[in-house]
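For reference, query29.cif (mmCIF, C-alpha atoms):
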data_data
loop_
_atom_site.label_atom_id
_atom_site.label_comp_id
_atom_site.auth_asym_id
_atom_site.auth_seq_id
_atom_site.Cartn_x
_atom_site.Cartn_y
_atom_site.Cartn_z
CA ALA A 1 19.94 -18.09 -3.09
CA PHE A 2 19.90 -14.59 -1.62
CA ALA A 3 23.69 -14.60 -1.28
CA VAL A 4 24.12 -15.53 -4.95
CA SER A 5 21.76 -12.72 -5.98
CA VAL A 6 23.63 -10.17 -3.86
CA MET A 7 26.97 -11.39 -5.21
CA ALA A 8 25.84 -11.02 -8.82
CA ASN A 9 24.41 -7.52 -8.38
CA LEU A 10 27.37 -6.32 -6.34
CA THR A 11 29.77 -7.68 -8.96
CA LEU A 12 27.85 -5.88 -11.68
CA THR A 13 27.93 -2.61 -9.73
CA MET A 14 31.65 -2.89 -9.11
CA ARG A 15 32.28 -3.59 -12.79
CA ASP A 16 30.21 -0.58 -13.87
CA GLN A 17 32.20 1.59 -11.45
CA GLY A 18 35.50 0.31 -12.82
CA GLN A 19 36.43 -1.56 -9.64
CA LEU A 20 36.47 -4.95 -11.41
CA SER A 21 37.69 -5.96 -14.85
CA GLU A 22 35.51 -7.95 -17.25
CA ALA A 23 37.52 -11.07 -16.47
CA GLU A 24 37.19 -10.55 -12.71
CA THR A 25 33.46 -10.08 -13.12
CA LYS A 26 33.12 -13.60 -14.48
CA GLN A 27 35.49 -15.39 -12.14
CA GLU A 28 32.56 -17.09 -10.40
CA SER A 29 31.01 -18.28 -13.67
CA GLY A 30 32.12 -21.86 -13.12
CA PHE A 31 30.44 -21.96 -9.72
CA LEU A 32 27.26 -20.41 -11.14
CA VAL A 33 27.03 -22.86 -14.03
CA ALA A 34 27.65 -25.80 -11.71
CA THR A 35 24.98 -24.59 -9.30
CA ALA A 36 22.45 -23.90 -12.04
CA THR A 37 22.78 -27.41 -13.46
CA ASP A 38 23.02 -29.39 -10.20
CA SER A 39 19.68 -31.16 -9.76
CA ARG A 40 20.55 -31.91 -6.13
CA ARG A 41 20.44 -28.21 -5.31
CA ASP A 42 17.39 -26.33 -4.06
CA VAL A 43 15.28 -24.87 -6.88
CA GLN A 44 15.52 -21.35 -5.49
CA LEU A 45 19.30 -21.54 -5.41
CA ARG A 46 19.40 -22.82 -8.99
CA ARG A 47 17.05 -20.05 -10.09
CA SER A 48 19.27 -17.46 -8.47
CA ALA A 49 22.35 -18.88 -10.19
CA ILE A 50 20.59 -18.85 -13.57
CA VAL A 51 19.55 -15.22 -13.10
CA ALA A 52 23.12 -14.34 -12.08
CA LEU A 53 24.47 -15.83 -15.31
CA GLY A 54 22.26 -13.42 -17.22
CA ILE A 55 23.05 -10.41 -15.05
CA LEU A 56 26.78 -10.96 -15.54
CA LYS A 57 26.33 -11.92 -19.23
CA VAL A 58 28.43 -15.05 -18.90
CA THR A 59 28.68 -15.96 -22.58
CA GLU A 60 30.21 -19.33 -21.75
CA ALA A 61 26.88 -20.31 -20.22
CA ARG A 62 24.93 -19.98 -23.48
CA GLU A 63 24.64 -23.72 -24.14
CA THR A 64 23.81 -24.38 -20.50
CA LEU A 65 20.99 -21.86 -20.63
CA ARG A 66 19.64 -23.34 -23.87
CA GLU A 67 19.57 -26.75 -22.24
CA LEU A 68 17.83 -25.40 -19.15
CA LEU A 69 15.26 -23.58 -21.27
CA THR A 70 14.45 -26.69 -23.27
CA ASN A 71 14.59 -29.46 -20.70
CA SER A 72 13.72 -27.94 -17.31
CA ALA A 73 10.58 -27.39 -15.30
CA VAL A 74 8.98 -23.99 -15.77
CA GLU A 75 10.48 -22.68 -12.49
CA LEU A 76 13.93 -22.95 -14.09
CA ALA A 77 12.99 -22.48 -17.74
CA ARG A 78 11.62 -18.97 -17.17
CA PRO A 79 14.81 -17.47 -15.67
CA ALA A 80 16.82 -19.43 -18.25
CA CYS A 81 14.79 -17.75 -21.02
CA LEU A 82 15.54 -14.26 -19.70
CA SER A 83 19.20 -14.99 -19.05
CA LEU A 84 19.61 -16.50 -22.52
CA MET A 85 18.13 -13.28 -23.93
CA ARG A 86 20.72 -11.21 -22.04
CA VAL A 87 23.64 -13.50 -22.85
CA GLY A 88 22.82 -14.53 -26.41
CA GLY A 89 21.12 -11.44 -27.83
CA ASP A 90 19.96 -11.98 -31.41
CA SER A 91 21.38 -15.52 -31.49
CA ALA A 92 18.89 -16.48 -28.77
CA ILE A 93 15.84 -15.67 -30.93
CA PRO A 94 15.42 -19.16 -32.49
CA ASP A 95 15.47 -20.89 -29.08
CA ILE A 96 13.10 -18.40 -27.47
CA ALA A 97 10.80 -18.47 -30.50
CA ASP A 98 10.72 -22.26 -30.37
CA THR A 99 9.71 -22.05 -26.71
CA LEU A 100 6.91 -19.61 -27.52
CA LYS A 101 5.59 -21.99 -30.19
CA LYS A 102 5.78 -25.22 -28.21
CA THR A 103 5.37 -24.60 -24.49
CA SER A 104 2.18 -25.79 -22.85
CA ASP A 105 2.66 -23.45 -19.89
CA ALA A 106 1.13 -19.97 -20.07
CA ARG A 107 3.76 -18.57 -17.70
CA LEU A 108 6.69 -19.68 -19.84
CA TYR A 109 4.79 -18.51 -22.93
CA GLY A 110 4.51 -15.04 -21.36
CA THR A 111 8.19 -14.95 -20.46
CA ALA A 112 9.20 -15.94 -24.00
CA ALA A 113 6.92 -13.27 -25.50
CA PHE A 114 8.43 -10.65 -23.21
CA ALA A 115 11.96 -11.70 -24.17
CA LEU A 116 11.21 -11.46 -27.90
CA GLY A 117 9.68 -8.04 -27.34
CA GLN A 118 12.84 -6.91 -25.57
CA LEU A 119 15.08 -8.15 -28.40
CA LYS A 120 13.05 -6.02 -30.86
CA LYS A 121 14.05 -7.65 -34.15
CA ARG A 122 12.04 -8.02 -37.34
CA GLU A 123 11.80 -11.78 -37.07
CA CYS A 124 10.39 -11.39 -33.56
CA VAL A 125 7.33 -9.58 -34.97
CA ALA A 126 6.36 -12.54 -37.16
CA VAL A 127 6.76 -15.05 -34.33
CA LEU A 128 4.66 -12.96 -31.93
CA VAL A 129 1.88 -12.45 -34.49
CA GLU A 130 1.78 -16.12 -35.47
CA ASN A 131 1.42 -17.23 -31.86
CA LEU A 132 -0.95 -14.56 -30.56
CA ASN A 133 -3.80 -16.98 -29.97
CA ARG A 134 -2.00 -19.88 -28.34
CA PHE A 135 -3.08 -18.61 -24.93
CA PRO A 136 -5.99 -16.24 -25.67
CA ASP A 137 -6.20 -14.91 -22.12
CA SER A 138 -2.49 -14.17 -21.81
CA GLY A 139 -2.07 -10.83 -23.59
CA SER A 140 1.70 -11.35 -23.52
CA CYS A 141 2.27 -11.12 -27.28
CA ASP A 142 0.00 -8.07 -27.47
CA ALA A 143 2.01 -6.34 -24.76
CA ALA A 144 5.28 -7.15 -26.51
CA LEU A 145 4.05 -5.79 -29.86
CA VAL A 146 2.81 -2.46 -28.52
CA ASP A 147 6.39 -1.60 -27.57
CA MET A 148 7.75 -2.53 -31.02
CA GLU A 149 6.42 0.44 -32.99
CA ASP A 150 9.80 1.32 -34.52
CA VAL A 151 10.42 -2.26 -35.66
CA ILE A 152 6.91 -2.71 -37.07
CA CYS A 153 6.97 0.60 -38.94
CA GLY A 154 10.47 -0.17 -40.20
CA ILE A 155 9.13 -3.34 -41.81
CA LEU A 156 6.14 -1.49 -43.29
CA LYS A 157 8.54 0.87 -45.06
CA ASP A 158 10.05 -2.08 -46.95
CA ALA A 159 7.33 -3.60 -49.13
CA GLN A 160 9.51 -6.58 -50.01
CA ASP A 161 10.35 -7.54 -46.43
CA GLU A 162 9.40 -11.17 -45.79
CA ASN A 163 7.73 -10.11 -42.54
CA VAL A 164 5.55 -7.38 -44.05
CA SER A 165 2.23 -9.25 -43.75
CA ALA A 166 2.95 -9.99 -40.09
CA ALA A 167 3.84 -6.33 -39.51
CA ILE A 168 0.54 -5.24 -41.08
CA GLN A 169 -1.36 -7.48 -38.68
CA ALA A 170 0.79 -6.29 -35.78
CA THR A 171 -0.52 -2.74 -36.23
CA ARG A 172 -3.70 -3.90 -34.47
CA TYR A 173 -1.73 -3.76 -31.26
CA LEU A 174 -0.30 -0.28 -31.74
CA TRP A 175 -3.08 1.33 -29.74
CA ARG A 176 -1.20 4.12 -27.99
CA GLU A 177 -1.94 7.74 -28.81
CA GLY A 178 -0.34 8.82 -32.06
CA GLN A 179 0.65 5.34 -33.23
CA ARG A 180 -2.25 5.02 -35.66
CA GLU A 181 -1.31 8.27 -37.38
CA ILE A 182 2.18 6.84 -37.98
CA TYR A 183 1.33 3.43 -39.40
CA THR A 184 -1.80 4.27 -41.44
CA PRO A 185 0.04 6.16 -44.25
CA LEU A 186 2.55 3.31 -44.43
CA LEU A 187 -0.28 0.82 -44.94
CA ARG A 188 -1.72 2.94 -47.75
CA ASP A 189 1.69 3.03 -49.45
CA LEU A 190 1.84 -0.76 -49.36
CA ILE A 191 -1.38 -0.98 -51.39
CA SER A 192 0.50 0.15 -54.48
CA ASN A 193 3.95 -1.40 -54.08
CA ALA A 194 3.75 -4.60 -52.01
CA PRO A 195 3.21 -8.15 -53.31
CA LEU A 196 -0.46 -8.93 -53.97
CA ALA A 197 -1.00 -10.97 -50.80
CA ALA A 198 0.41 -8.17 -48.65
CA ARG A 199 -1.62 -5.55 -50.56
CA LYS A 200 -4.82 -7.40 -49.68
CA VAL A 201 -3.80 -7.72 -46.04
CA ALA A 202 -3.09 -3.97 -45.97
CA VAL A 203 -6.50 -3.10 -47.44
CA GLU A 204 -8.33 -5.38 -45.02
CA ARG A 205 -6.42 -3.87 -42.12
CA LEU A 206 -7.23 -0.31 -43.23
CA LEU A 207 -10.91 -1.14 -43.65
CA ASP A 208 -11.04 -2.67 -40.18
CA SER A 209 -9.18 0.28 -38.68
CA ALA A 210 -11.49 2.79 -40.37
CA SER A 211 -14.60 0.96 -39.13
CA ARG A 212 -13.61 1.81 -35.57
CA LEU A 213 -13.64 5.57 -36.19
CA GLU A 214 -16.39 8.15 -35.86
CA PHE A 215 -18.63 7.95 -38.94
CA GLU A 216 -17.49 11.05 -40.84
CA ARG A 217 -13.84 10.35 -40.13
CA GLU A 218 -14.34 6.76 -41.25
CA LYS A 219 -15.63 7.98 -44.61
CA ARG A 220 -12.62 10.25 -45.08
CA GLU A 221 -10.30 7.34 -44.34
CA LEU A 222 -12.16 5.07 -46.75
CA ALA A 223 -11.88 7.65 -49.51
CA LEU A 224 -8.11 7.65 -49.06
CA VAL A 225 -8.03 3.87 -49.22
CA SER A 226 -10.09 3.89 -52.39
CA GLU A 227 -7.68 6.40 -53.91
CA ALA A 228 -4.72 4.21 -52.96
CA ILE A 229 -6.33 1.17 -54.62
CA GLY A 230 -6.86 3.14 -57.82
CA ASN A 231 -7.38 1.02 -60.92
CA GLN A 232 -5.74 -2.17 -59.71
CA PRO A 233 -7.92 -4.99 -61.11
CA GLU A 234 -6.70 -7.40 -58.41
CA LEU A 235 -8.25 -5.14 -55.76
CA GLU A 236 -11.41 -4.17 -57.63
CA GLU A 237 -13.62 -6.07 -55.17
CA TYR A 238 -12.74 -3.59 -52.42
CA HIS A 239 -14.12 -0.63 -54.35
CA GLY A 240 -17.61 -2.08 -54.03
CA ARG A 241 -17.27 -2.57 -50.29
CA ILE A 242 -15.94 0.93 -49.82
CA GLN A 243 -18.62 2.56 -51.96
CA SER A 244 -21.31 0.69 -50.09
CA ARG A 245 -20.01 2.09 -46.85
CA LEU A 246 -19.53 5.59 -48.23
CA SER A 247 -23.14 5.70 -49.40
CA ALA A 248 -24.44 4.76 -45.96
CA ALA A 249 -26.04 7.32 -43.68
CA VAL A 250 -26.62 7.58 -39.96
CA VAL A 251 -30.21 7.12 -38.80
CA THR A 252 -31.20 9.67 -36.15
CA PRO A 253 -33.99 9.61 -33.56
CA VAL A 254 -36.61 12.36 -33.65
CA ALA A 255 -38.56 13.93 -30.82
CA ASP A 256 -41.45 11.43 -30.80
CA GLY A 257 -39.08 8.50 -30.33
CA SER A 258 -39.29 7.26 -33.91
CA VAL A 259 -36.27 6.96 -36.17
CA GLN A 260 -35.62 9.35 -39.05
CA ILE A 261 -34.81 7.22 -42.09
CA PRO A 262 -32.62 8.97 -44.69
CA THR A 263 -34.47 9.78 -47.91
CA VAL A 264 -33.24 7.92 -50.98
CA LEU A 265 -32.60 10.31 -53.85
CA LYS A 266 -31.93 9.68 -57.50
CA GLY A 267 -28.81 7.59 -58.04
CA GLY A 268 -28.99 6.02 -54.61
CA ASP A 269 -27.77 9.08 -52.71
CA ARG A 270 -29.26 9.78 -49.32
CA LYS A 271 -29.99 12.89 -47.33
#

When written as structure tokens, how does the structure in this file appear?
Amino acid sequence: AFAVSVMANLTLTMRDQGQLSEAETKQESGFLVATATDSRRDVQLRRSAIVALGILKVTEARETLRELLTNSAVELARPACLSLMRVGGDSAIPDIADTLKKTSDARLYGTAAFALGQLKKRECVAVLVENLNRFPDSGSCDAALVDMEDVICGILKDAQDENVSAAIQATRYLWREGQREIYTPLLRDLISNAPLAARKVAVERLLDSASRLEFEREKRELALVSEAIGNQPELEEYHGRIQSRLSAAVVTPVADGSVQIPTVLKGGDRK
């Protein structure tokens, strides 16, 4: 197993340095495929051969890797998933997505989520969002989405994209510094130009996002959401929720330990 790993990495290095041609790089592909599929071989050796097929991007092994991903124990399915990603690229998405949806093993689920995150395609976003809760303690889909900011925001810029609702939900996982400031204006834009279902998802997401901010900043954000909703009758219900929140006030403790309740003025305003 170690020898196969060294062979694959050395071959890759020699190719990158121009010491081997593309054809010479893959001259051991037959041996690697045979080793990967031989059930009489040691599991570690088969794993190493599967990984080597991915490292060397042996395109002829695509069907073999699909079969290994679908019909092998997790010890072989996981390296097969990663090698299929490297060999198949975008064409591997359906097989990896199917694995994410159906596997009963949290480890293989995590590997499939990682692979989809590495491929960084629009359809990957929807699959990751739809399967976030299959293994609640995993965090694998969350981790994949946080690195897909460009893909998610690209979808949000196209109100008619079939994955737009999934992209809106995916913004929950863009928690790194500065990411919120990028996606929030895109969500507000969707309120006026996306299909109705997506508009509602965008409003709900903005309300949830605003609720996590400091109180005065939350109110500023809500005012912008209300402005984006405008006079759309289909979204009228949200005006009431926003106004209720905007009219709220923070209760503050006073020196004697009691709580200072805001005074209600005429018209329901508080001070």

Separation of atom CA of A:Val146 from atom CA of A:Gly117 in Å: 8.9 Å

Choose the residue, out of A:Ile229, A:Leu108, A:Ala159, A:Leu207, that has the smallest atom-to-atom separation from A:Arg245; count only C-alpha atoms. A:Leu207

Residues in the PyMOL selection byres ((chain A and resi 64) around 12), expressed as a ChimeraX atom specification: /A:29-30,32-38,49-50,53-54,58-63,65-72,76-77,80-81,83-84,87-88

List the residues selected by the PyMOL selection byres ((chain A and resi 102) around 12) in the file shown, writing them as a list in words.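 Residues picked by the PyMOL selection byres ((chain A and resi 102) around 12): Leu69, Thr70, Asp95, Ile96, Ala97, Asp98, Thr99, Leu100, Lys101, Thr103, Ser104, Asp105, Ala106, Leu108, Tyr109, Ala112, Val127, Asn131, Arg134 and Phe135 of chain A.
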
Give me the result of the PyMOL selection byres ((chain A and resi 168-175) around 10) on this file, residue by residue, as a VMD selection string. chain A and resid 125 to 126 128 to 130 132 141 to 149 152 to 153 155 to 156 163 to 167 176 to 180 182 to 184 186 to 187 190 198 to 199 201 to 206 208 to 209

If you count only C-alpha atoms, the residue of A:Arg188, A:Ala92, A:Gly154, A:Lys200 closest to A:Leu222 turns out to be A:Arg188

Would you work out the distance separating atom CA of A:Arg86 from atom CA of A:Lys120, expressed in Å to one decimal?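 Computing it gives 12.8 Å between the two atoms.
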
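Closest approach to A:Val74 among A:Pro136, A:Gly110, A:Pro185, A:Gly230: A:Gly110, based on all atoms listed in the file.
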
Here atom CA of A:Ile191 and atom CA of A:Val225 stand apart by 8.5 Å

Should you be able to, write stretch 75-90 of chain A of this structure into a file that contains N, CA, C and O atoms, as a PDB file, in the first residue's frame.
ATOM      1  N   GLU A  75     -14.864   1.907   3.953  1.00  0.00           N
ATOM      2  CA  GLU A  75     -13.406   2.044   3.888  1.00  0.00           C
ATOM      3  C   GLU A  75     -12.914   2.240   2.459  1.00  0.00           C
ATOM      4  O   GLU A  75     -11.867   2.854   2.234  1.00  0.00           O
ATOM      5  N   LEU A  76     -13.659   1.707   1.482  1.00  0.00           N
ATOM      6  CA  LEU A  76     -13.307   1.880   0.081  1.00  0.00           C
ATOM      7  C   LEU A  76     -14.144   2.963  -0.590  1.00  0.00           C
ATOM      8  O   LEU A  76     -13.685   3.626  -1.512  1.00  0.00           O
ATOM      9  N   ALA A  77     -15.380   3.130  -0.117  1.00  0.00           N
ATOM     10  CA  ALA A  77     -16.270   4.119  -0.733  1.00  0.00           C
ATOM     11  C   ALA A  77     -15.761   5.542  -0.526  1.00  0.00           C
ATOM     12  O   ALA A  77     -15.887   6.384  -1.417  1.00  0.00           O
ATOM     13  N   ARG A  78     -15.172   5.825   0.641  1.00  0.00           N
ATOM     14  CA  ARG A  78     -14.694   7.183   0.900  1.00  0.00           C
ATOM     15  C   ARG A  78     -13.568   7.593  -0.047  1.00  0.00           C
ATOM     16  O   ARG A  78     -13.661   8.650  -0.678  1.00  0.00           O
ATOM     17  N   PRO A  79     -12.495   6.808  -0.199  1.00  0.00           N
ATOM     18  CA  PRO A  79     -11.481   7.206  -1.178  1.00  0.00           C
ATOM     19  C   PRO A  79     -12.020   7.195  -2.608  1.00  0.00           C
ATOM     20  O   PRO A  79     -11.586   7.998  -3.436  1.00  0.00           O
ATOM     21  N   ALA A  80     -12.972   6.304  -2.891  1.00  0.00           N
ATOM     22  CA  ALA A  80     -13.565   6.280  -4.231  1.00  0.00           C
ATOM     23  C   ALA A  80     -14.316   7.580  -4.506  1.00  0.00           C
ATOM     24  O   ALA A  80     -14.285   8.108  -5.625  1.00  0.00           O
ATOM     25  N   CYS A  81     -14.979   8.116  -3.487  1.00  0.00           N
ATOM     26  CA  CYS A  81     -15.712   9.380  -3.627  1.00  0.00           C
ATOM     27  C   CYS A  81     -14.758  10.518  -3.988  1.00  0.00           C
ATOM     28  O   CYS A  81     -15.015  11.295  -4.914  1.00  0.00           O
ATOM     29  N   LEU A  82     -13.650  10.612  -3.279  1.00  0.00           N
ATOM     30  CA  LEU A  82     -12.689  11.688  -3.530  1.00  0.00           C
ATOM     31  C   LEU A  82     -11.990  11.523  -4.875  1.00  0.00           C
ATOM     32  O   LEU A  82     -11.747  12.501  -5.596  1.00  0.00           O
ATOM     33  N   SER A  83     -11.667  10.284  -5.230  1.00  0.00           N
ATOM     34  CA  SER A  83     -11.015  10.054  -6.519  1.00  0.00           C
ATOM     35  C   SER A  83     -11.972  10.307  -7.674  1.00  0.00           C
ATOM     36  O   SER A  83     -11.577  10.847  -8.710  1.00  0.00           O
ATOM     37  N   LEU A  84     -13.238   9.955  -7.502  1.00  0.00           N
ATOM     38  CA  LEU A  84     -14.229  10.235  -8.538  1.00  0.00           C
ATOM     39  C   LEU A  84     -14.379  11.737  -8.739  1.00  0.00           C
ATOM     40  O   LEU A  84     -14.522  12.224  -9.865  1.00  0.00           O
ATOM     41  N   MET A  85     -14.321  12.496  -7.635  1.00  0.00           N
ATOM     42  CA  MET A  85     -14.364  13.955  -7.727  1.00  0.00           C
ATOM     43  C   MET A  85     -13.206  14.477  -8.573  1.00  0.00           C
ATOM     44  O   MET A  85     -13.390  15.328  -9.445  1.00  0.00           O
ATOM     45  N   ARG A  86     -12.009  13.943  -8.341  1.00  0.00           N
ATOM     46  CA  ARG A  86     -10.821  14.412  -9.074  1.00  0.00           C
ATOM     47  C   ARG A  86     -10.850  13.976 -10.531  1.00  0.00           C
ATOM     48  O   ARG A  86     -10.439  14.733 -11.426  1.00  0.00           O
ATOM     49  N   VAL A  87     -11.332  12.774 -10.773  1.00  0.00           N
ATOM     50  CA  VAL A  87     -11.332  12.234 -12.137  1.00  0.00           C
ATOM     51  C   VAL A  87     -12.509  12.755 -12.946  1.00  0.00           C
ATOM     52  O   VAL A  87     -12.361  13.151 -14.111  1.00  0.00           O
ATOM     53  N   GLY A  88     -13.692  12.775 -12.332  1.00  0.00           N
ATOM     54  CA  GLY A  88     -14.902  13.094 -13.080  1.00  0.00           C
ATOM     55  C   GLY A  88     -15.274  14.562 -13.113  1.00  0.00           C
ATOM     56  O   GLY A  88     -16.003  14.996 -14.004  1.00  0.00           O
ATOM     57  N   GLY A  89     -14.812  15.337 -12.125  1.00  0.00           N
ATOM     58  CA  GLY A  89     -15.194  16.753 -12.090  1.00  0.00           C
ATOM     59  C   GLY A  89     -16.702  16.919 -11.991  1.00  0.00           C
ATOM     60  O   GLY A  89     -17.373  16.213 -11.234  1.00  0.00           O
ATOM     61  N   ASP A  90     -17.252  17.819 -12.785  1.00  0.00           N
ATOM     62  CA  ASP A  90     -18.684  18.121 -12.716  1.00  0.00           C
ATOM     63  C   ASP A  90     -19.545  16.893 -12.987  1.00  0.00           C
ATOM     64  O   ASP A  90     -20.652  16.763 -12.439  1.00  0.00           O
TER      65      ASP A  90
END
